[in-house]
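Read through the structure below, which is laid out as structure tokens, and then see the notes.
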Amino acid sequence: MSQRILLLPVLLPILTGAVMILIPHKRRFRPVALEIPVILNSVLVWYVILSGAGRGSGALFFKLGTELTVYFRMDGMGAVFAGLVAILWPLATLYAFEYMEHDQHPRNFFALYTMTYGVTLGIALAGNLVTLYVFYEMLTLVTFPLVLHDRTREARRASRMYLYYSIGGAACAFMGLVFVLTTGPETTDFIMGGVMAGRASNMNVNILLAMYVLAFFGFGVKSAIFPVQKWLPAASVAPTPVTALLHAVAVVKSGAFAILRLTYYSYGADFLRGTWAQYLVSGFVLFTIAYGSTMAVKEVHFKRRLAYSTISNLSYVLLGACMMSPLGLVAALTHFVNHAFMKICSFFCAGVVMHRTGRNYVYELDGLGHKMPVTFACFTASAMALTGMPPFAGFISKWNIANAALDHGSALGVLAVAVLLYSALMTAIYMFSVVVRAYWNDYHPMEGDEAGDPSRHMLVPLVIFVIAFTALGICSAPLTHYLMNVARGA
């Protein structure tokens, strides 16, 4: 029974969402009827993490064949992702209640939003590459209608682009899965150190490396690595709770998580370190960091600017992964956690501005810091954190990544630090230009403008996020210690 409990956090949100679609209910009961199952599911996730109930042989869900099993197992890295999602999802749902209060199709939105919670946990708790791939595909299916939700011309275009990119990426990732299964010891289980070391002969090692690169970019579609990043800024047309989900919680984090699993638990860092594959993917990651931060400076649309910021920041996680070392894995997971709180806070602040004032562009934000003091105080804190200023969590992330890069002891490490410094400068420009406009310019009312801080449904999550990434910066030692144990396979 202790192992079977792993099925509940995955299935409960999926079933809750399905029931919402099938059974009509009154709008006024929705916050209670939805928030309670989401909170209970998060409590269940943390019970599993803290009690260790999910560790062991795992819980079988179903079999796709004699050798292909879909099962869940809790290990250290899975606990990081599952715990993160369990903290963020109830707050994101609370925020969404006010944001979507005048929406035309709230039932479908919240049903799919809740189902996405279960699917994301399926990725976090996946016991092998087959399970991860199955839920990775399901994630595309449940988030595609969310991008399409507004049904405008831009939403239709963005959803098609998201679908095309995701399907293409999944096809590439599938090839990597097949080669792990056929060339390794006939298992896709996640084992720290991977299953490929010592299995590849001189005749097929380059083919295996090519398959790793293909799978890296396949999973990298959802992490928006260049050149498969175009869908992410386009998807900013979706409602802000969806874009926050895409950029901070579920989709991009699932892509980064899959790459970490692929690198450290399937192919193995020892197998990949020093190969042409490592340097190739590292080059694309470094370019993506510079590209995303540069494009964010040029972008004048508020949410799209933050989308380009996500492109850059998610590649910080991948840069840590590309170091192919325990320090690199610690750095990647540190930013994996810290970025989630920083970015969801900035996106939700942007959503508040758009929801209350209808202003979508940076040049329209003049003076709003005085009209929306709590909102822009939270945005300013997230700007400082994303830039990497102490004592916020972003400083710890970038410090760990730079440390891992220099520990690599090659030109790649030096180049990585240079790119990090460039990106930090660009981040300061594109984030603080918003802050300067909000506080140092005069406010100019617009027709239909209701500038002012929102209700507690929106404000409470913002304040909690600021407290979280501040605490993760000031008290970083416990998380770092835990992630060091994860990197050692403990």
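Going by the structure tokens order, chains are called A, B, ..., each with residues numbered from 1, while ligands are numbered from 1 in the order shown.
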
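The protein and nucleic acid residues lying at most 7 Å from range 349-355 of chain A are Tyr99, Thr240, Phe302, Lys303, Thr375 and Phe379 of chain A, with only C-alpha atoms considered and sequence neighbours fewer than 6 positions away removed.
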
Next item on the list: Please provide as an MDAnalysis selection string all residues within 8 Å of range 156-172 of chain A, with the sequence filter that same-chain residues fewer than 2 positions apart are discarded (counting only C-alpha atoms).
Entry: chainID A and resid 137 140 144:145 147:148 151:154 174:176 214:215 217:222 228 231:232 234:235 237

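Picture a line from CA of Ala487 in chain A to CA of Met323 in chain A; it runs 12.7 Å.
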
Notebook entry, point to check: Among range 252-452 of chain A, which residues carry a DSSP assignment of alpha helix (DSSP H), reported as a ChimeraX atom specification?
Noted result: /A:252-261,269-272,276-298,302-322,326-357,368-371,373-387,393-408,411-440

Item checked: Option closest in space to Leu333 in chain A, from A:Leu425, A:Val435, A:Val80, A:Ala405 [counting only C-alpha atoms] -> A:Val80

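Shortest separation to Leu177 in chain A among A:Leu141, A:Ala321, A:Ile311, A:Ala258 occurs at residue A:Ala258, atoms counted being only C-alpha atoms.
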
Margin query: With distances taken over only C-alpha atoms, which residue among A:Leu368, A:Ile474, A:Ala438, A:Leu84 lies nearest Ala451 in chain A?
Written below: A:Leu368

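You can rank A:Ala416, A:Val330, A:Met324, A:Val434 by their closest distance to Thr288 in chain A using only C-alpha atoms, and at the top of that list sits A:Ala416.
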
Checklist line | Polymer residues at most 9 Å from Tyr136 in chain A, only C-alpha atoms, same-chain spacing of 3 or more positions, as JSON, numbers by chain | finding: {"A": [119, 120, 122, 123, 131, 132, 133, 139, 140, 170, 219, 251, 254, 255, 258]}

For N, CA, C and O atoms, I'd like the residues from the last selection saved as a PDB file, in the first residue's frame.
ATOM      1  N   VAL A 119      -0.923  15.613 -14.504  1.00  0.00           N
ATOM      2  CA  VAL A 119      -0.002  15.175 -15.559  1.00  0.00           C
ATOM      3  C   VAL A 119       1.431  15.607 -15.233  1.00  0.00           C
ATOM      4  O   VAL A 119       2.386  14.849 -15.430  1.00  0.00           O
ATOM      5  N   THR A 120       1.592  16.826 -14.710  1.00  0.00           N
ATOM      6  CA  THR A 120       2.922  17.304 -14.333  1.00  0.00           C
ATOM      7  C   THR A 120       3.520  16.451 -13.218  1.00  0.00           C
ATOM      8  O   THR A 120       4.712  16.121 -13.239  1.00  0.00           O
ATOM      9  N   GLY A 122       2.837  13.377 -12.832  1.00  0.00           N
ATOM     10  CA  GLY A 122       3.203  12.128 -13.492  1.00  0.00           C
ATOM     11  C   GLY A 122       4.614  12.175 -14.044  1.00  0.00           C
ATOM     12  O   GLY A 122       5.355  11.188 -13.991  1.00  0.00           O
ATOM     13  N   ILE A 123       5.016  13.333 -14.566  1.00  0.00           N
ATOM     14  CA  ILE A 123       6.388  13.515 -15.045  1.00  0.00           C
ATOM     15  C   ILE A 123       7.361  13.518 -13.872  1.00  0.00           C
ATOM     16  O   ILE A 123       8.420  12.890 -13.912  1.00  0.00           O
ATOM     17  N   THR A 131       7.725   6.086 -18.761  1.00  0.00           N
ATOM     18  CA  THR A 131       6.673   6.793 -18.032  1.00  0.00           C
ATOM     19  C   THR A 131       6.784   8.293 -18.247  1.00  0.00           C
ATOM     20  O   THR A 131       5.781   8.986 -18.478  1.00  0.00           O
ATOM     21  N   LEU A 132       7.998   8.811 -18.169  1.00  0.00           N
ATOM     22  CA  LEU A 132       8.199  10.241 -18.388  1.00  0.00           C
ATOM     23  C   LEU A 132       7.728  10.644 -19.776  1.00  0.00           C
ATOM     24  O   LEU A 132       7.049  11.665 -19.938  1.00  0.00           O
ATOM     25  N   TYR A 133       8.046   9.824 -20.770  1.00  0.00           N
ATOM     26  CA  TYR A 133       7.665  10.154 -22.138  1.00  0.00           C
ATOM     27  C   TYR A 133       6.145  10.130 -22.313  1.00  0.00           C
ATOM     28  O   TYR A 133       5.579  11.016 -22.977  1.00  0.00           O
ATOM     29  N   LEU A 139       1.076  15.958 -21.447  1.00  0.00           N
ATOM     30  CA  LEU A 139       1.168  17.368 -21.082  1.00  0.00           C
ATOM     31  C   LEU A 139       0.864  18.265 -22.284  1.00  0.00           C
ATOM     32  O   LEU A 139       0.199  19.303 -22.141  1.00  0.00           O
ATOM     33  N   THR A 140       1.326  17.866 -23.452  1.00  0.00           N
ATOM     34  CA  THR A 140       1.004  18.627 -24.658  1.00  0.00           C
ATOM     35  C   THR A 140      -0.496  18.636 -24.905  1.00  0.00           C
ATOM     36  O   THR A 140      -1.088  19.674 -25.239  1.00  0.00           O
ATOM     37  N   ALA A 170       8.664  15.698 -29.482  1.00  0.00           N
ATOM     38  CA  ALA A 170       8.372  14.377 -28.934  1.00  0.00           C
ATOM     39  C   ALA A 170       8.895  13.267 -29.836  1.00  0.00           C
ATOM     40  O   ALA A 170       9.362  12.223 -29.350  1.00  0.00           O
ATOM     41  N   PHE A 219      13.371  17.045 -26.062  1.00  0.00           N
ATOM     42  CA  PHE A 219      12.859  17.521 -24.780  1.00  0.00           C
ATOM     43  C   PHE A 219      13.079  19.021 -24.622  1.00  0.00           C
ATOM     44  O   PHE A 219      12.341  19.697 -23.902  1.00  0.00           O
ATOM     45  N   VAL A 251       5.250  23.336 -17.980  1.00  0.00           N
ATOM     46  CA  VAL A 251       5.732  22.940 -19.303  1.00  0.00           C
ATOM     47  C   VAL A 251       7.243  23.098 -19.436  1.00  0.00           C
ATOM     48  O   VAL A 251       7.962  22.133 -19.711  1.00  0.00           O
ATOM     49  N   SER A 254       9.074  20.913 -17.069  1.00  0.00           N
ATOM     50  CA  SER A 254       9.035  19.502 -17.462  1.00  0.00           C
ATOM     51  C   SER A 254      10.083  19.204 -18.521  1.00  0.00           C
ATOM     52  O   SER A 254      10.718  18.153 -18.506  1.00  0.00           O
ATOM     53  N   GLY A 255      10.282  20.147 -19.459  1.00  0.00           N
ATOM     54  CA  GLY A 255      11.324  19.961 -20.456  1.00  0.00           C
ATOM     55  C   GLY A 255      12.708  19.923 -19.833  1.00  0.00           C
ATOM     56  O   GLY A 255      13.530  19.056 -20.155  1.00  0.00           O
ATOM     57  N   ALA A 258      13.126  16.697 -17.840  1.00  0.00           N
ATOM     58  CA  ALA A 258      13.357  15.549 -18.725  1.00  0.00           C
ATOM     59  C   ALA A 258      14.807  15.509 -19.205  1.00  0.00           C
ATOM     60  O   ALA A 258      15.413  14.430 -19.290  1.00  0.00           O
TER      61      ALA A 258
END

Next item on the list: Tell me which of A:Ala296, A:Ala224, A:Ala173, A:Leu327 sits closest to Val252 in chain A, counting only C-alpha atoms.
Entry: A:Ala224

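Of the listed residues A:Val374, A:Leu318, A:Met196, A:Ile191, the one whose atoms come nearest to Met77 in chain A is A:Ile191, with distances taken using only C-alpha atoms.
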
Check: In Å to one decimal, how far is CA of Ile401 in chain A from CA of Leu420 in chain A?
Finding: 8.8 Å

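Residues in contact with Phe336 in chain A at up to 8 Å, not including ones fewer than 3 positions away on its chain and judged by only C-alpha atoms, are A:Lys253, A:Leu314, A:Val317, A:Ala332, A:Leu333, A:His339, A:Ala340.
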
Margin query: Show me, as a PyMOL selection string, the residues that have an atom within 12 Å of Ala402 in chain A when counting only C-alpha atoms, minus same-chain residues fewer than 4 positions from it.
Written below: chain A and resi 316-317+319-320+323+327-328+330-332+335+388+395-398+406-409+412-421

Store the residues picked out above, limited to N, CA and C atoms, as an mmCIF file, in the first residue's frame.
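So out.cif came out as:
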data_model
loop_
_atom_site.group_PDB
_atom_site.id
_atom_site.type_symbol
_atom_site.label_atom_id
_atom_site.label_comp_id
_atom_site.auth_asym_id
_atom_site.auth_seq_id
_atom_site.Cartn_x
_atom_site.Cartn_y
_atom_site.Cartn_z
ATOM 1 N N TYR A 316 19.761 28.482 -18.184
ATOM 2 C CA TYR A 316 20.665 28.409 -17.031
ATOM 3 C C TYR A 316 20.632 26.997 -16.436
ATOM 4 N N VAL A 317 19.413 26.457 -16.326
ATOM 5 C CA VAL A 317 19.264 25.086 -15.808
ATOM 6 C C VAL A 317 19.997 24.108 -16.717
ATOM 7 N N LEU A 319 22.425 24.761 -18.719
ATOM 8 C CA LEU A 319 23.872 24.990 -18.645
ATOM 9 C C LEU A 319 24.474 24.198 -17.488
ATOM 10 N N GLY A 320 23.797 24.204 -16.351
ATOM 11 C CA GLY A 320 24.249 23.373 -15.240
ATOM 12 C C GLY A 320 24.286 21.913 -15.624
ATOM 13 N N MET A 323 27.333 20.727 -17.682
ATOM 14 C CA MET A 323 28.637 20.576 -17.034
ATOM 15 C C MET A 323 28.953 19.108 -16.747
ATOM 16 N N LEU A 327 28.432 18.974 -9.267
ATOM 17 C CA LEU A 327 28.225 20.404 -9.028
ATOM 18 C C LEU A 327 27.285 21.013 -10.073
ATOM 19 N N GLY A 328 27.405 20.534 -11.307
ATOM 20 C CA GLY A 328 26.522 21.012 -12.360
ATOM 21 C C GLY A 328 25.077 20.644 -12.098
ATOM 22 N N VAL A 330 23.729 20.056 -9.117
ATOM 23 C CA VAL A 330 23.286 20.883 -7.984
ATOM 24 C C VAL A 330 22.917 22.280 -8.465
ATOM 25 N N ALA A 331 23.761 22.866 -9.315
ATOM 26 C CA ALA A 331 23.492 24.212 -9.840
ATOM 27 C C ALA A 331 22.204 24.235 -10.658
ATOM 28 N N ALA A 332 22.026 23.213 -11.495
ATOM 29 C CA ALA A 332 20.825 23.143 -12.331
ATOM 30 C C ALA A 332 19.572 23.051 -11.473
ATOM 31 N N HIS A 335 18.701 26.399 -9.590
ATOM 32 C CA HIS A 335 17.989 27.381 -10.407
ATOM 33 C C HIS A 335 16.618 26.852 -10.825
ATOM 34 N N GLY A 388 19.976 38.587 -10.131
ATOM 35 C CA GLY A 388 21.009 37.899 -9.365
ATOM 36 C C GLY A 388 21.564 38.719 -8.235
ATOM 37 N N PHE A 395 20.681 35.110 -6.823
ATOM 38 C CA PHE A 395 22.125 35.210 -6.598
ATOM 39 C C PHE A 395 22.723 33.838 -6.309
ATOM 40 N N ILE A 396 22.060 33.052 -5.477
ATOM 41 C CA ILE A 396 22.537 31.707 -5.133
ATOM 42 C C ILE A 396 22.575 30.832 -6.375
ATOM 43 N N SER A 397 21.528 30.917 -7.195
ATOM 44 C CA SER A 397 21.482 30.122 -8.432
ATOM 45 C C SER A 397 22.674 30.421 -9.327
ATOM 46 N N LYS A 398 22.890 31.701 -9.602
ATOM 47 C CA LYS A 398 23.953 32.073 -10.535
ATOM 48 C C LYS A 398 25.336 31.798 -9.953
ATOM 49 N N LEU A 406 33.250 27.000 -13.626
ATOM 50 C CA LEU A 406 34.692 27.147 -13.389
ATOM 51 C C LEU A 406 35.317 25.834 -12.937
ATOM 52 N N ASP A 407 34.549 25.029 -12.224
ATOM 53 C CA ASP A 407 35.052 23.718 -11.802
ATOM 54 C C ASP A 407 35.276 22.793 -12.996
ATOM 55 N N HIS A 408 34.600 23.077 -14.102
ATOM 56 C CA HIS A 408 34.769 22.256 -15.305
ATOM 57 C C HIS A 408 36.198 22.329 -15.819
ATOM 58 N N GLY A 409 36.848 23.473 -15.577
ATOM 59 C CA GLY A 409 38.271 23.598 -15.876
ATOM 60 C C GLY A 409 38.625 23.613 -17.339
ATOM 61 N N LEU A 412 35.178 26.040 -21.990
ATOM 62 C CA LEU A 412 33.724 26.044 -21.890
ATOM 63 C C LEU A 412 33.282 26.726 -20.599
ATOM 64 N N GLY A 413 33.965 26.433 -19.490
ATOM 65 C CA GLY A 413 33.603 27.034 -18.216
ATOM 66 C C GLY A 413 33.799 28.536 -18.204
ATOM 67 N N VAL A 414 34.912 28.999 -18.759
ATOM 68 C CA VAL A 414 35.192 30.439 -18.826
ATOM 69 C C VAL A 414 34.159 31.144 -19.697
ATOM 70 N N LEU A 415 33.847 30.538 -20.848
ATOM 71 C CA LEU A 415 32.843 31.122 -21.741
ATOM 72 C C LEU A 415 31.478 31.174 -21.056
ATOM 73 N N ALA A 416 31.157 30.134 -20.289
ATOM 74 C CA ALA A 416 29.876 30.100 -19.583
ATOM 75 C C ALA A 416 29.757 31.258 -18.596
ATOM 76 N N VAL A 417 30.824 31.539 -17.853
ATOM 77 C CA VAL A 417 30.794 32.648 -16.897
ATOM 78 C C VAL A 417 30.628 33.982 -17.622
ATOM 79 N N ALA A 418 31.317 34.143 -18.753
ATOM 80 C CA ALA A 418 31.191 35.377 -19.531
ATOM 81 C C ALA A 418 29.754 35.581 -20.011
ATOM 82 N N VAL A 419 29.123 34.507 -20.483
ATOM 83 C CA VAL A 419 27.736 34.599 -20.951
ATOM 84 C C VAL A 419 26.796 34.907 -19.784
ATOM 85 N N LEU A 420 27.050 34.316 -18.618
ATOM 86 C CA LEU A 420 26.233 34.602 -17.438
ATOM 87 C C LEU A 420 26.312 36.085 -17.058
ATOM 88 N N LEU A 421 27.494 36.662 -17.122
ATOM 89 C CA LEU A 421 27.652 38.081 -16.802
ATOM 90 C C LEU A 421 26.920 38.960 -17.814
#

Next item on the list: Kindly give the distance, in Å, that separates CA of Leu472 in chain A and CA of Ala256 in chain A, rounded to a single decimal.
Entry: 20.4 Å
